[in-house]
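A.B. asks: Structure supplied as work.cif; contents: mmCIF, C-alpha atoms and all ligand atoms.
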data_final
#
loop_
_atom_site.group_PDB
_atom_site.id
_atom_site.type_symbol
_atom_site.label_atom_id
_atom_site.label_comp_id
_atom_site.auth_asym_id
_atom_site.auth_seq_id
_atom_site.Cartn_x
_atom_site.Cartn_y
_atom_site.Cartn_z
ATOM 1 C CA MET T 67 108.286 80.125 117.612
ATOM 2 C CA LEU T 68 108.675 83.910 117.216
ATOM 3 C CA LYS T 69 108.711 85.420 120.727
ATOM 4 C CA VAL T 70 107.102 88.867 120.615
ATOM 5 C CA CYS T 71 106.996 91.691 123.151
ATOM 6 C CA ILE T 72 104.292 94.297 122.396
ATOM 7 C CA VAL T 73 105.321 97.753 123.605
ATOM 8 C CA GLY T 74 102.199 99.836 124.277
ATOM 9 C CA LEU T 75 100.175 96.676 124.914
ATOM 10 C CA SER T 76 97.392 98.516 126.749
ATOM 11 C CA GLY T 77 96.951 101.086 123.966
ATOM 12 C CA ARG T 78 94.606 101.095 120.959
ATOM 13 C CA MET T 79 97.251 99.641 118.663
ATOM 14 C CA GLY T 80 98.534 97.244 121.352
ATOM 15 C CA HIS T 81 95.090 95.650 121.566
ATOM 16 C CA VAL T 82 94.713 95.048 117.824
ATOM 17 C CA ILE T 83 98.302 93.797 117.466
ATOM 18 C CA PHE T 84 97.660 91.288 120.266
ATOM 19 C CA GLU T 85 94.427 90.139 118.566
ATOM 20 C CA CYS T 86 96.231 89.678 115.217
ATOM 21 C CA CYS T 87 99.000 87.649 116.925
ATOM 22 C CA GLN T 88 96.397 85.321 118.401
ATOM 23 C CA GLY T 89 95.422 84.164 114.928
ATOM 24 C CA MET T 90 99.001 83.497 113.732
ATOM 25 C CA ASP T 91 100.840 80.174 113.837
ATOM 26 C CA GLY T 92 104.440 80.390 115.017
ATOM 27 C CA VAL T 93 103.955 83.706 116.844
ATOM 28 C CA LYS T 94 103.677 83.996 120.634
ATOM 29 C CA VAL T 95 103.268 87.212 122.631
ATOM 30 C CA ILE T 96 105.438 86.508 125.669
ATOM 31 C CA SER T 97 105.386 89.991 127.198
ATOM 32 C CA GLY T 98 104.154 93.545 127.056
ATOM 33 C CA VAL T 99 105.332 96.984 128.105
ATOM 34 C CA ALA T 100 102.695 99.499 129.190
ATOM 35 C CA LYS T 101 101.953 102.118 131.761
ATOM 36 C CA ASN T 102 99.339 101.012 134.250
ATOM 37 C CA ASP T 103 96.716 103.111 132.458
ATOM 38 C CA THR T 104 94.108 101.161 130.487
ATOM 39 C CA PRO T 105 93.168 97.461 130.629
ATOM 40 C CA LEU T 106 95.330 94.837 128.943
ATOM 41 C CA PRO T 107 93.844 92.760 126.091
ATOM 42 C CA ILE T 108 91.620 89.884 127.214
ATOM 43 C CA GLY T 109 93.494 86.584 127.005
ATOM 44 C CA PHE T 110 96.975 88.047 127.589
ATOM 45 C CA ASN T 111 98.799 85.948 130.189
ATOM 46 C CA GLY T 112 102.452 86.901 129.585
ATOM 47 C CA GLU T 113 104.760 89.133 131.583
ATOM 48 C CA ILE T 114 103.760 92.796 131.837
ATOM 49 C CA VAL T 115 106.197 95.545 132.869
ATOM 50 C CA ASP T 116 106.030 99.342 132.818
ATOM 51 C CA SER T 117 109.672 99.731 131.804
ATOM 52 C CA VAL T 118 111.500 97.503 129.351
ATOM 53 C CA GLU T 119 114.561 96.903 131.594
ATOM 54 C CA GLN T 120 112.323 94.918 133.962
ATOM 55 C CA LEU T 121 111.689 92.121 131.426
ATOM 56 C CA THR T 122 112.903 88.745 132.681
ATOM 57 C CA GLN T 123 112.813 87.032 129.256
ATOM 58 C CA VAL T 124 114.485 88.515 126.161
ATOM 59 C CA PRO T 125 112.055 88.568 123.173
ATOM 60 C CA ASP T 126 113.069 87.912 119.559
ATOM 61 C CA VAL T 127 111.268 91.025 118.392
ATOM 62 C CA PHE T 128 109.645 94.124 119.862
ATOM 63 C CA ILE T 129 106.531 95.495 118.174
ATOM 64 C CA ASP T 130 106.442 99.044 119.481
ATOM 65 C CA PHE T 131 103.461 101.391 119.082
ATOM 66 C CA SER T 132 103.830 103.576 122.183
ATOM 67 C CA ARG T 133 105.455 106.980 122.769
ATOM 68 C CA PRO T 134 108.972 108.173 121.852
ATOM 69 C CA GLN T 135 110.295 108.322 125.439
ATOM 70 C CA CYS T 136 109.269 104.686 125.902
ATOM 71 C CA SER T 137 110.561 103.582 122.457
ATOM 72 C CA LEU T 138 114.006 105.081 123.098
ATOM 73 C CA LYS T 139 114.433 102.776 126.098
ATOM 74 C CA VAL T 140 113.278 99.856 123.962
ATOM 75 C CA LEU T 141 115.919 100.697 121.348
ATOM 76 C CA ALA T 142 118.653 100.744 124.015
ATOM 77 C CA TYR T 143 117.476 97.370 125.363
ATOM 78 C CA ALA T 144 117.215 95.866 121.858
ATOM 79 C CA LYS T 145 120.777 96.953 121.059
ATOM 80 C CA GLU T 146 122.107 95.464 124.280
ATOM 81 C CA HIS T 147 120.259 92.141 123.912
ATOM 82 C CA GLY T 148 120.237 91.738 120.111
ATOM 83 C CA CYS T 149 116.453 91.992 119.571
ATOM 84 C CA ARG T 150 114.785 92.964 116.295
ATOM 85 C CA VAL T 151 112.411 95.977 116.372
ATOM 86 C CA ILE T 152 109.215 96.888 114.514
ATOM 87 C CA LEU T 153 108.833 100.577 115.274
ATOM 88 C CA GLY T 154 105.452 102.205 114.621
ATOM 89 C CA THR T 155 105.622 104.979 117.227
ATOM 90 C CA THR T 156 105.475 108.469 115.689
ATOM 91 C CA GLY T 157 106.629 111.882 116.880
ATOM 92 C CA PHE T 158 110.399 111.382 117.347
ATOM 93 C CA ASP T 159 112.514 114.533 117.491
ATOM 94 C CA ASP T 160 115.841 114.759 115.635
ATOM 95 C CA GLU T 161 117.733 113.231 118.573
ATOM 96 C CA GLY T 162 115.293 110.309 118.661
ATOM 97 C CA LYS T 163 115.641 109.776 114.901
ATOM 98 C CA SER T 164 119.447 109.739 115.262
ATOM 99 C CA MET T 165 119.146 107.084 117.934
ATOM 100 C CA ILE T 166 116.991 104.931 115.628
ATOM 101 C CA VAL T 167 119.644 105.188 112.903
ATOM 102 C CA ALA T 168 122.443 104.382 115.379
ATOM 103 C CA THR T 169 120.588 101.369 116.836
ATOM 104 C CA ALA T 170 119.934 100.008 113.332
ATOM 105 C CA ARG T 171 123.718 99.598 112.906
ATOM 106 C CA ALA T 172 123.516 96.895 115.577
ATOM 107 C CA VAL T 173 120.079 95.265 115.085
ATOM 108 C CA PRO T 174 117.492 95.042 112.256
ATOM 109 C CA ILE T 175 114.676 97.613 112.545
ATOM 110 C CA VAL T 176 111.625 98.299 110.390
ATOM 111 C CA PHE T 177 110.531 101.894 111.006
ATOM 112 C CA ALA T 178 107.435 103.234 109.228
ATOM 113 C CA ALA T 179 105.067 106.121 109.852
ATOM 114 C CA ASN T 180 102.375 103.970 108.264
ATOM 115 C CA PHE T 181 102.429 100.170 108.464
ATOM 116 C CA SER T 182 99.258 99.666 106.417
ATOM 117 C CA VAL T 183 100.006 97.388 103.446
ATOM 118 C CA GLY T 184 97.298 99.118 101.391
ATOM 119 C CA VAL T 185 98.580 102.647 102.068
ATOM 120 C CA ASN T 186 102.102 101.646 101.020
ATOM 121 C CA VAL T 187 100.768 100.092 97.810
ATOM 122 C CA MET T 188 98.745 103.259 97.171
ATOM 123 C CA LEU T 189 101.853 105.447 97.624
ATOM 124 C CA ALA T 190 103.771 103.311 95.111
ATOM 125 C CA LEU T 191 100.913 103.635 92.583
ATOM 126 C CA ILE T 192 100.737 107.416 93.088
ATOM 127 C CA LYS T 193 104.469 107.705 92.489
ATOM 128 C CA LYS T 194 104.113 105.942 89.125
ATOM 129 C CA ALA T 195 100.975 107.849 88.075
ATOM 130 C CA ALA T 196 102.509 111.212 89.028
ATOM 131 C CA ALA T 197 105.628 110.492 86.971
ATOM 132 C CA VAL T 198 103.729 109.339 83.860
ATOM 133 C CA MET T 199 100.842 111.855 84.067
ATOM 134 C CA GLN T 200 103.063 114.908 84.585
ATOM 135 C CA ASP T 201 100.436 117.280 83.122
ATOM 136 C CA ALA T 202 97.458 116.005 85.115
ATOM 137 C CA ASP T 203 96.064 118.190 87.902
ATOM 138 C CA LEU T 204 96.517 116.310 91.166
ATOM 139 C CA GLU T 205 93.945 116.709 93.919
ATOM 140 C CA ILE T 206 94.231 114.796 97.202
ATOM 141 C CA VAL T 207 91.054 114.301 99.225
ATOM 142 C CA GLU T 208 91.001 112.758 102.688
ATOM 143 C CA ALA T 209 88.270 112.008 105.250
ATOM 144 C CA HIS T 210 88.654 111.217 108.959
ATOM 145 C CA HIS T 211 86.542 110.971 112.135
ATOM 146 C CA ARG T 212 85.393 114.077 114.004
ATOM 147 C CA TYR T 213 88.131 113.762 116.693
ATOM 148 C CA LYS T 214 91.118 114.214 114.393
ATOM 149 C CA VAL T 215 92.910 117.456 115.271
ATOM 150 C CA ASP T 216 95.271 117.990 112.322
ATOM 151 C CA ALA T 217 94.751 118.475 108.586
ATOM 152 C CA PRO T 218 95.732 117.377 105.994
ATOM 153 C CA SER T 219 96.426 113.937 107.470
ATOM 154 C CA GLY T 220 99.991 112.605 107.629
ATOM 155 C CA THR T 221 99.087 110.042 104.969
ATOM 156 C CA ALA T 222 97.692 112.761 102.661
ATOM 157 C CA LEU T 223 100.950 114.686 103.053
ATOM 158 C CA ALA T 224 102.931 111.523 102.279
ATOM 159 C CA MET T 225 100.824 111.122 99.109
ATOM 160 C CA GLY T 226 101.662 114.683 98.098
ATOM 161 C CA GLU T 227 105.322 114.145 98.882
ATOM 162 C CA VAL T 228 105.751 111.035 96.712
ATOM 163 C CA ALA T 229 103.913 112.757 93.843
ATOM 164 C CA ALA T 230 105.995 115.932 94.165
ATOM 165 C CA GLU T 231 109.194 113.909 94.303
ATOM 166 C CA ALA T 232 108.170 111.987 91.169
ATOM 167 C CA ARG T 233 107.660 115.355 89.441
ATOM 168 C CA GLY T 234 110.972 116.746 90.668
ATOM 169 C CA VAL T 235 109.474 119.514 92.828
ATOM 170 C CA ALA T 236 109.219 120.186 96.565
ATOM 171 C CA LEU T 237 105.728 119.722 98.006
ATOM 172 C CA LYS T 238 105.922 122.983 99.974
ATOM 173 C CA ASP T 239 106.304 124.890 96.677
ATOM 174 C CA VAL T 240 103.225 123.371 94.986
ATOM 175 C CA MET T 241 100.840 122.616 97.855
ATOM 176 C CA VAL T 242 97.401 124.287 98.009
ATOM 177 C CA ALA T 243 95.518 123.247 101.164
ATOM 178 C CA GLY T 244 91.791 124.076 101.041
ATOM 179 C CA ARG T 245 90.097 126.681 98.830
ATOM 180 C CA HIS T 246 87.686 129.432 99.715
ATOM 181 C CA GLY T 247 86.302 132.560 98.049
ATOM 182 C CA ILE T 248 87.657 134.033 94.796
ATOM 183 C CA THR T 249 90.642 131.742 94.352
ATOM 184 C CA GLY T 250 91.379 132.461 90.701
ATOM 185 C CA GLU T 251 91.997 129.669 88.223
ATOM 186 C CA ARG T 252 93.941 126.596 89.213
ATOM 187 C CA ASN T 253 97.704 127.116 88.906
ATOM 188 C CA TYR T 254 99.471 124.571 86.712
ATOM 189 C CA GLY T 255 101.524 122.012 88.647
ATOM 190 C CA THR T 256 99.935 122.633 92.038
ATOM 191 C CA ILE T 257 98.785 119.776 94.269
ATOM 192 C CA GLY T 258 95.477 120.486 96.015
ATOM 193 C CA PHE T 259 94.416 119.069 99.398
ATOM 194 C CA SER T 260 90.859 118.839 100.760
ATOM 195 C CA SER T 261 89.959 117.492 104.206
ATOM 196 C CA ILE T 262 86.613 116.134 105.346
ATOM 197 C CA ARG T 263 85.952 115.622 109.087
ATOM 198 C CA GLY T 264 83.022 113.827 110.668
ATOM 199 C CA GLY T 265 81.452 110.761 112.225
ATOM 200 C CA ASP T 266 83.570 107.676 112.827
ATOM 201 C CA VAL T 267 85.480 107.571 109.517
ATOM 202 C CA VAL T 268 88.674 105.565 110.194
ATOM 203 C CA GLY T 269 90.571 107.067 107.252
ATOM 204 C CA GLU T 270 89.895 107.488 103.520
ATOM 205 C CA HIS T 271 92.317 108.897 100.960
ATOM 206 C CA GLN T 272 91.953 109.628 97.257
ATOM 207 C CA ALA T 273 94.500 110.869 94.734
ATOM 208 C CA MET T 274 92.695 112.260 91.682
ATOM 209 C CA PHE T 275 94.769 112.769 88.534
ATOM 210 C CA LEU T 276 92.516 115.065 86.474
ATOM 211 C CA SER T 277 93.407 115.368 82.841
ATOM 212 C CA ASP T 278 91.608 116.541 79.677
ATOM 213 C CA GLY T 279 89.146 113.827 78.693
ATOM 214 C CA GLU T 280 90.049 111.362 81.452
ATOM 215 C CA ARG T 281 90.660 110.917 85.172
ATOM 216 C CA VAL T 282 92.573 108.369 87.247
ATOM 217 C CA VAL T 283 91.533 107.964 90.883
ATOM 218 C CA ILE T 284 93.696 105.971 93.320
ATOM 219 C CA GLU T 285 91.883 105.332 96.582
ATOM 220 C CA HIS T 286 92.539 103.693 99.939
ATOM 221 C CA VAL T 287 89.827 103.071 102.503
ATOM 222 C CA ALA T 288 90.711 101.929 106.029
ATOM 223 C CA THR T 289 87.884 100.185 107.830
ATOM 224 C CA SER T 290 89.717 99.403 111.087
ATOM 225 C CA ARG T 291 93.105 99.722 112.834
ATOM 226 C CA SER T 292 93.826 96.076 112.080
ATOM 227 C CA ASN T 293 95.409 97.153 108.756
ATOM 228 C CA PHE T 294 98.334 98.691 110.679
ATOM 229 C CA ALA T 295 98.646 95.654 112.955
ATOM 230 C CA ARG T 296 98.619 93.184 110.052
ATOM 231 C CA GLY T 297 101.333 95.194 108.283
ATOM 232 C CA ALA T 298 103.456 95.341 111.471
ATOM 233 C CA LEU T 299 103.205 91.567 111.895
ATOM 234 C CA ARG T 300 104.071 90.987 108.242
ATOM 235 C CA ALA T 301 107.164 93.122 108.867
ATOM 236 C CA ALA T 302 108.022 91.156 112.044
ATOM 237 C CA VAL T 303 107.953 87.849 110.154
ATOM 238 C CA TRP T 304 109.928 89.333 107.209
ATOM 239 C CA LEU T 305 112.613 90.713 109.547
ATOM 240 C CA GLU T 306 113.613 87.277 110.835
ATOM 241 C CA GLY T 307 117.153 86.448 109.665
ATOM 242 C CA LYS T 308 117.831 89.944 108.263
ATOM 243 C CA LYS T 309 121.133 91.727 108.850
ATOM 244 C CA PRO T 310 121.232 94.839 111.076
ATOM 245 C CA GLY T 311 119.861 97.837 109.201
ATOM 246 C CA LEU T 312 117.006 100.326 108.975
ATOM 247 C CA TYR T 313 114.319 98.861 106.700
ATOM 248 C CA THR T 314 111.160 100.436 105.239
ATOM 249 C CA MET T 315 107.738 98.981 104.441
ATOM 250 C CA ASN T 316 108.625 99.353 100.752
ATOM 251 C CA GLU T 317 111.352 96.757 101.296
ATOM 252 C CA VAL T 318 109.101 94.518 103.424
ATOM 253 C CA LEU T 319 106.463 94.519 100.659
ATOM 254 C CA GLY T 320 108.944 94.316 97.768
ATOM 255 C CA LEU T 321 107.605 97.595 96.353
ATOM 256 C CA ASP T 322 111.165 98.837 95.842
ATOM 257 C CA LYS T 323 111.637 96.113 93.175
ATOM 258 C CA ILE T 324 108.434 96.734 91.169
HETATM 259 P P1 LIG R 1 97.609 104.844 122.852
HETATM 260 O O1 LIG R 1 97.724 106.134 123.609
HETATM 261 O O2 LIG R 1 96.275 104.197 122.754
HETATM 262 O O3 LIG R 1 98.618 103.759 123.527
HETATM 263 C C1 LIG R 1 99.941 104.095 123.938
HETATM 264 C C2 LIG R 1 100.531 102.911 124.681
HETATM 265 O O4 LIG R 1 101.889 103.228 125.037
HETATM 266 C C3 LIG R 1 99.813 102.558 125.988
HETATM 267 O O5 LIG R 1 99.858 101.159 126.166
HETATM 268 C C4 LIG R 1 100.694 103.229 127.054
HETATM 269 O O6 LIG R 1 100.612 102.558 128.327
HETATM 270 C C5 LIG R 1 102.065 103.032 126.448
HETATM 271 N N1 LIG R 1 103.034 104.025 126.913
HETATM 272 C C6 LIG R 1 103.044 105.350 126.666
HETATM 273 N N2 LIG R 1 104.082 105.944 127.280
HETATM 274 C C7 LIG R 1 104.727 104.971 127.942
HETATM 275 C C8 LIG R 1 105.890 104.948 128.771
HETATM 276 N N3 LIG R 1 106.594 106.072 129.038
HETATM 277 N N4 LIG R 1 106.294 103.764 129.279
HETATM 278 C C9 LIG R 1 105.608 102.624 129.015
HETATM 279 N N5 LIG R 1 104.509 102.581 128.226
HETATM 280 C C10 LIG R 1 104.069 103.743 127.709
HETATM 281 O O7 LIG R 1 98.216 105.118 121.423
HETATM 282 P P2 LIG R 1 97.935 104.346 120.026
HETATM 283 O O8 LIG R 1 96.771 104.960 119.317
HETATM 284 O O9 LIG R 1 97.940 102.880 120.276
HETATM 285 O O10 LIG R 1 99.249 104.781 119.204
HETATM 286 C C11 LIG R 1 100.541 104.492 119.684
HETATM 287 C C12 LIG R 1 101.585 105.071 118.755
HETATM 288 O O11 LIG R 1 101.518 104.415 117.487
HETATM 289 C C13 LIG R 1 101.442 106.568 118.462
HETATM 290 O O12 LIG R 1 102.729 107.144 118.348
HETATM 291 C C14 LIG R 1 100.735 106.577 117.103
HETATM 292 O O13 LIG R 1 100.962 107.764 116.385
HETATM 293 C C15 LIG R 1 101.406 105.401 116.460
HETATM 294 N N6 LIG R 1 100.673 104.783 115.328
HETATM 295 C C16 LIG R 1 101.461 104.427 114.262
HETATM 296 C C17 LIG R 1 100.884 103.761 113.190
HETATM 297 C C18 LIG R 1 101.773 103.318 112.055
HETATM 298 O O14 LIG R 1 101.295 102.698 111.101
HETATM 299 N N7 LIG R 1 103.086 103.572 112.145
HETATM 300 C C19 LIG R 1 99.514 103.480 113.171
HETATM 301 C C20 LIG R 1 98.753 103.851 114.290
HETATM 302 C C21 LIG R 1 99.350 104.502 115.377
#
Go through the file and emit its structure as structure tokens.
C.D. replies:
Amino acid sequence: MLKVCIVGLSGRMGHVIFECCQGMDGVKVISGVAKNDTPLPIGFNGEIVDSVEQLTQVPDVFIDFSRPQCSLKVLAYAKEHGCRVILGTTGFDDEGKSMIVATARAVPIVFAANFSVGVNVMLALIKKAAAVMQDADLEIVEAHHRYKVDAPSGTALAMGEVAAEARGVALKDVMVAGRHGITGERNYGTIGFSSIRGGDVVGEHQAMFLSDGERVVIEHVATSRSNFARGALRAAVWLEGKKPGLYTMNEVLGLDKI
């Protein structure tokens, strides 16, 4: 039985991760870490603490979607007690990133800015298309709900980055975000970004490779947050028995071998 502690259990991701665990054989959520802010998932009857050091039972694996200051304590605890870590929290500063790297010398960690299986497959497909269709104009279009405060989305930027890398250029040198007014003709080799905001759109991303006489469109549509949770759990199961190290979703999904 894989004993899981969900860090950020009371949060949006914590709830969906708990729900996904409920449907899995061989996985048991024994504890959670959360501030006493929002309700815990219905059906949770494990130990709940607001700081990881208070846990009375050591889990096999932490699934952490919380905040950096909380995750850093989890990393210290995991190192001391030999726990594996699935780390989905975003927003680490350089010091935090160094601590992740240092902890991964002692315990296995999967760290990903995006745990969605579909998004990682999409990024791998974009990388291939960008390398083969060097001359195609690449336009990235993304849509999100009305509450999103940043644009382009982190996933859209990751799409641009893999494409730029496949073409041997830096994204910052070829990126064109939004167009308005007399823009002039499209510059060869640029990567365009367009952002749509409205309604309750969970997240939609398209990479359009526009060529003379043909077009390839690679698209990912998220319909709920469960895609992240399912990817995180896939990573947790994959991590069992692995040596200490910092692993990516590409390795979890075997995309590095395709
Ligand atoms: P949320 O605000 O809904 O939940 C945050 C959770 O962390 C809550 O349970 C809160 O109690 C807990 N928490 C925060 N600070 C804490 C502290 N100091 N001590 C103990 N517990 C603390 O957030 P969310 O939407 O669930 O997202 C959580 C994180 O996951 C964010 O960093 C978000 O960017 C990231 N995220 C990553 C992915 C991915 O695929 N990697 C996907 C979605 C969200």
A.B. asks: Can you tell me which residues come within 6 Å of ligand LIG 1 (chain R) when counting all atoms listed in the file, ideally as a PyMOL selection string?
C.D. replies: chain T and resi 74-80+99-101+103+116-117+131-133+135-136+154-156+178-182+294
A.B. asks: Going by the chain IDs and residue numbers used in this file, which residues fall under the PyMOL selection byres (((chain T and resi 197) around 12) and not hetatm)? Write them as a JSON list (two decimals) with C-alpha atoms, in the frame of the given file.
C.D. replies:
[["chain", "number", "residue", "atom", "x", "y", "z"],
["T", 190, "ALA", "CA", 103.77, 103.31, 95.11],
["T", 191, "LEU", "CA", 100.91, 103.64, 92.58],
["T", 192, "ILE", "CA", 100.74, 107.42, 93.09],
["T", 193, "LYS", "CA", 104.47, 107.70, 92.49],
["T", 194, "LYS", "CA", 104.11, 105.94, 89.12],
["T", 195, "ALA", "CA", 100.98, 107.85, 88.08],
["T", 196, "ALA", "CA", 102.51, 111.21, 89.03],
["T", 198, "VAL", "CA", 103.73, 109.34, 83.86],
["T", 199, "MET", "CA", 100.84, 111.86, 84.07],
["T", 200, "GLN", "CA", 103.06, 114.91, 84.58],
["T", 201, "ASP", "CA", 100.44, 117.28, 83.12],
["T", 202, "ALA", "CA", 97.46, 116.00, 85.12],
["T", 204, "LEU", "CA", 96.52, 116.31, 91.17],
["T", 228, "VAL", "CA", 105.75, 111.04, 96.71],
["T", 229, "ALA", "CA", 103.91, 112.76, 93.84],
["T", 230, "ALA", "CA", 106.00, 115.93, 94.16],
["T", 231, "GLU", "CA", 109.19, 113.91, 94.30],
["T", 232, "ALA", "CA", 108.17, 111.99, 91.17],
["T", 233, "ARG", "CA", 107.66, 115.36, 89.44],
["T", 234, "GLY", "CA", 110.97, 116.75, 90.67],
["T", 235, "VAL", "CA", 109.47, 119.51, 92.83],
["T", 275, "PHE", "CA", 94.77, 112.77, 88.53]]
A.B. asks: Find the residues around segment 283-288 of chain T up to 6 Å (only C-alpha atoms counted), leave out those fewer than 6 positions away in its own chain, and share them as a PyMOL selection string.
C.D. replies: chain T and resi 268-274
A.B. asks: Keeping C-alpha atoms, export the residues of the selection given above as a PDB file, in the coordinates of the input.
C.D. replies:
ATOM      1  CA  VAL T 268      88.674 105.565 110.194  1.00  0.00           C
ATOM      2  CA  GLY T 269      90.571 107.067 107.252  1.00  0.00           C
ATOM      3  CA  GLU T 270      89.895 107.488 103.520  1.00  0.00           C
ATOM      4  CA  HIS T 271      92.317 108.897 100.960  1.00  0.00           C
ATOM      5  CA  GLN T 272      91.953 109.628  97.257  1.00  0.00           C
ATOM      6  CA  ALA T 273      94.500 110.869  94.734  1.00  0.00           C
ATOM      7  CA  MET T 274      92.695 112.260  91.682  1.00  0.00           C
TER       8      MET T 274
END
A.B. asks: Hey, which of T:Leu106, T:Ala236, T:Pro174, T:Leu141 ends up closest to Trp304 of chain T? Count all atoms listed in the file.
C.D. replies: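 Looking at the shortest contact to Trp304 of chain T, the residue is T:Pro174.
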A.B. asks: What residues have an atom no more than 10 Å from (101.4, 95.4, 112.8) in the file's own frame, counting all atoms listed in the file, and can you write them as JSON, numbers by chain?
C.D. replies: {"T": [79, 80, 82, 83, 84, 86, 87, 129, 130, 131, 152, 153, 154, 180, 181, 182, 183, 291, 292, 293, 294, 295, 296, 297, 298, 299, 300, 301, 302]}
A.B. asks: Which residues, named as in the file, does the PyMOL selection byres (((chain T and resi 255) around 7) and not hetatm) pick out? Answer as a ChimeraX atom specification.
C.D. replies: /T:203,240,253-254,256-257
A.B. asks: Can you work out the spacing between atom CA of Val124 of chain T and atom CA of Cys149 of chain T in Å, to one decimal?
C.D. replies: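 Computing the Euclidean distance for atom CA of Val124 of chain T and atom CA of Cys149 of chain T yields 7.7 Å.
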A.B. asks: Let me have the centre and edge lengths in Å, one decimal, of the box along x, y and z around every listed atom of segment 287-291 of chain T with 6 Å of margin on each side, as lines of an AutoDock Vina configuration file.
C.D. replies:
center_x = 90.5
center_y = 101.2
center_z = 107.7
size_x = 17.2
size_y = 15.7
size_z = 22.3
A.B. asks: Which residue, T:Gly148, T:Gly247, T:Gly157, T:Gly258, has the smallest gap to Thr169 of chain T when you use all atoms listed in the file?
C.D. replies: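 Counting all atoms listed in the file, the residue closest to Thr169 of chain T is T:Gly148.
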A.B. asks: Which residue, T:Glu146, T:Tyr313, T:Leu223, T:Glu306, has the smallest gap to Val207 of chain T when you use only C-alpha atoms?
C.D. replies: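 Of all the options, T:Leu223 lies closest to Val207 of chain T.
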A.B. asks: Scan for residues within 10 Å of the point (97.4, 88.4, 126.1) in the coordinates of the file, using all atoms listed in the file, and reply as a ChimeraX atom specification.
C.D. replies: /T:72,75,81,84-85,87-88,94-98,106-114
A.B. asks: Have a look at atom CA of Val73 of chain T and atom CA of Ile175 of chain T and let me know their distance in Å, one decimal.
C.D. replies: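 Those two atoms sit 14.5 Å apart.
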A.B. asks: Let me make sure I understand: among T:Glu208, T:Glu119, T:Asp159, T:Asp266, which one has the smallest atom-to-atom distance to Ala142 of chain T if we use all atoms listed in the file?
C.D. replies: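 Closest residue, counting all atoms listed in the file: T:Glu119.
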A.B. asks: Applied to the shown file, which residues does the PyMOL selection byres (((chain T and resi 265) around 10) and not hetatm) return, written as a VMD selection string?
C.D. replies: chain T and resid 209 to 213 263 to 264 266 to 268
A.B. asks: May I have the residues within 12 Å of Glu161 of chain T as number ranges by chain, using all atoms listed in the file and disregarding those fewer than 5 positions away in the same chain?
C.D. replies: T: 134-135, 138, 166-168
A.B. asks: Which distance in Å separates atom CA of Pro105 of chain T and atom CA of Val118 of chain T, to one decimal?
C.D. replies: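 Straight-line distance from atom CA of Pro105 of chain T to atom CA of Val118 of chain T works out to 18.4 Å.
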A.B. asks: May I have the residues within 9 Å of Gly92 of chain T as an mmCIF file with C-alpha atoms, in the coordinates of the input, using all atoms listed in the file and disregarding those fewer than 3 positions away in the same chain?
C.D. replies:
data_model
loop_
_atom_site.group_PDB
_atom_site.id
_atom_site.type_symbol
_atom_site.label_atom_id
_atom_site.label_comp_id
_atom_site.auth_asym_id
_atom_site.auth_seq_id
_atom_site.Cartn_x
_atom_site.Cartn_y
_atom_site.Cartn_z
ATOM 1 C CA MET T 67 108.286 80.125 117.612
ATOM 2 C CA LEU T 68 108.675 83.910 117.216
ATOM 3 C CA LYS T 69 108.711 85.420 120.727
#
A.B. asks: Between T:Ile206, T:Phe158, T:Glu227, T:Tyr143, which has the minimum distance to Gln120 of chain T (counting all atoms listed in the file)?
C.D. replies: T:Tyr143
A.B. asks: I need segment 185-214 of chain T from the structure I supplied, saved as a CSV table (one decimal), in the first residue's frame with C-alpha atoms retained.
C.D. replies:
chain,number,residue,atom,x,y,z
T,185,VAL,CA,0.2,18.9,-22.0
T,186,ASN,CA,3.5,17.0,-21.8
T,187,VAL,CA,2.6,15.0,-24.8
T,188,MET,CA,1.6,18.2,-26.7
T,189,LEU,CA,5.0,19.8,-25.8
T,190,ALA,CA,6.8,16.7,-27.2
T,191,LEU,CA,4.8,16.9,-30.4
T,192,ILE,CA,5.5,20.6,-30.8
T,193,LYS,CA,9.2,20.0,-30.4
T,194,LYS,CA,9.2,17.5,-33.2
T,195,ALA,CA,7.0,19.6,-35.5
T,196,ALA,CA,9.1,22.8,-34.9
T,197,ALA,CA,12.3,20.9,-35.8
T,198,VAL,CA,10.9,19.4,-39.0
T,199,MET,CA,8.8,22.4,-40.1
T,200,GLN,CA,11.5,24.9,-39.7
T,201,ASP,CA,10.0,27.3,-42.3
T,202,ALA,CA,6.4,27.2,-41.0
T,203,ASP,CA,5.1,30.3,-39.2
T,204,LEU,CA,4.3,29.3,-35.6
T,205,GLU,CA,1.3,30.9,-33.9
T,206,ILE,CA,0.4,29.9,-30.3
T,207,VAL,CA,-3.2,30.6,-29.2
T,208,GLU,CA,-4.5,30.1,-25.7
T,209,ALA,CA,-7.8,30.6,-23.9
T,210,HIS,CA,-8.5,30.8,-20.2
T,211,HIS,CA,-11.2,31.8,-17.7
T,212,ARG,CA,-12.0,35.5,-17.0
T,213,TYR,CA,-10.1,35.4,-13.6
T,214,LYS,CA,-6.6,34.6,-15.0
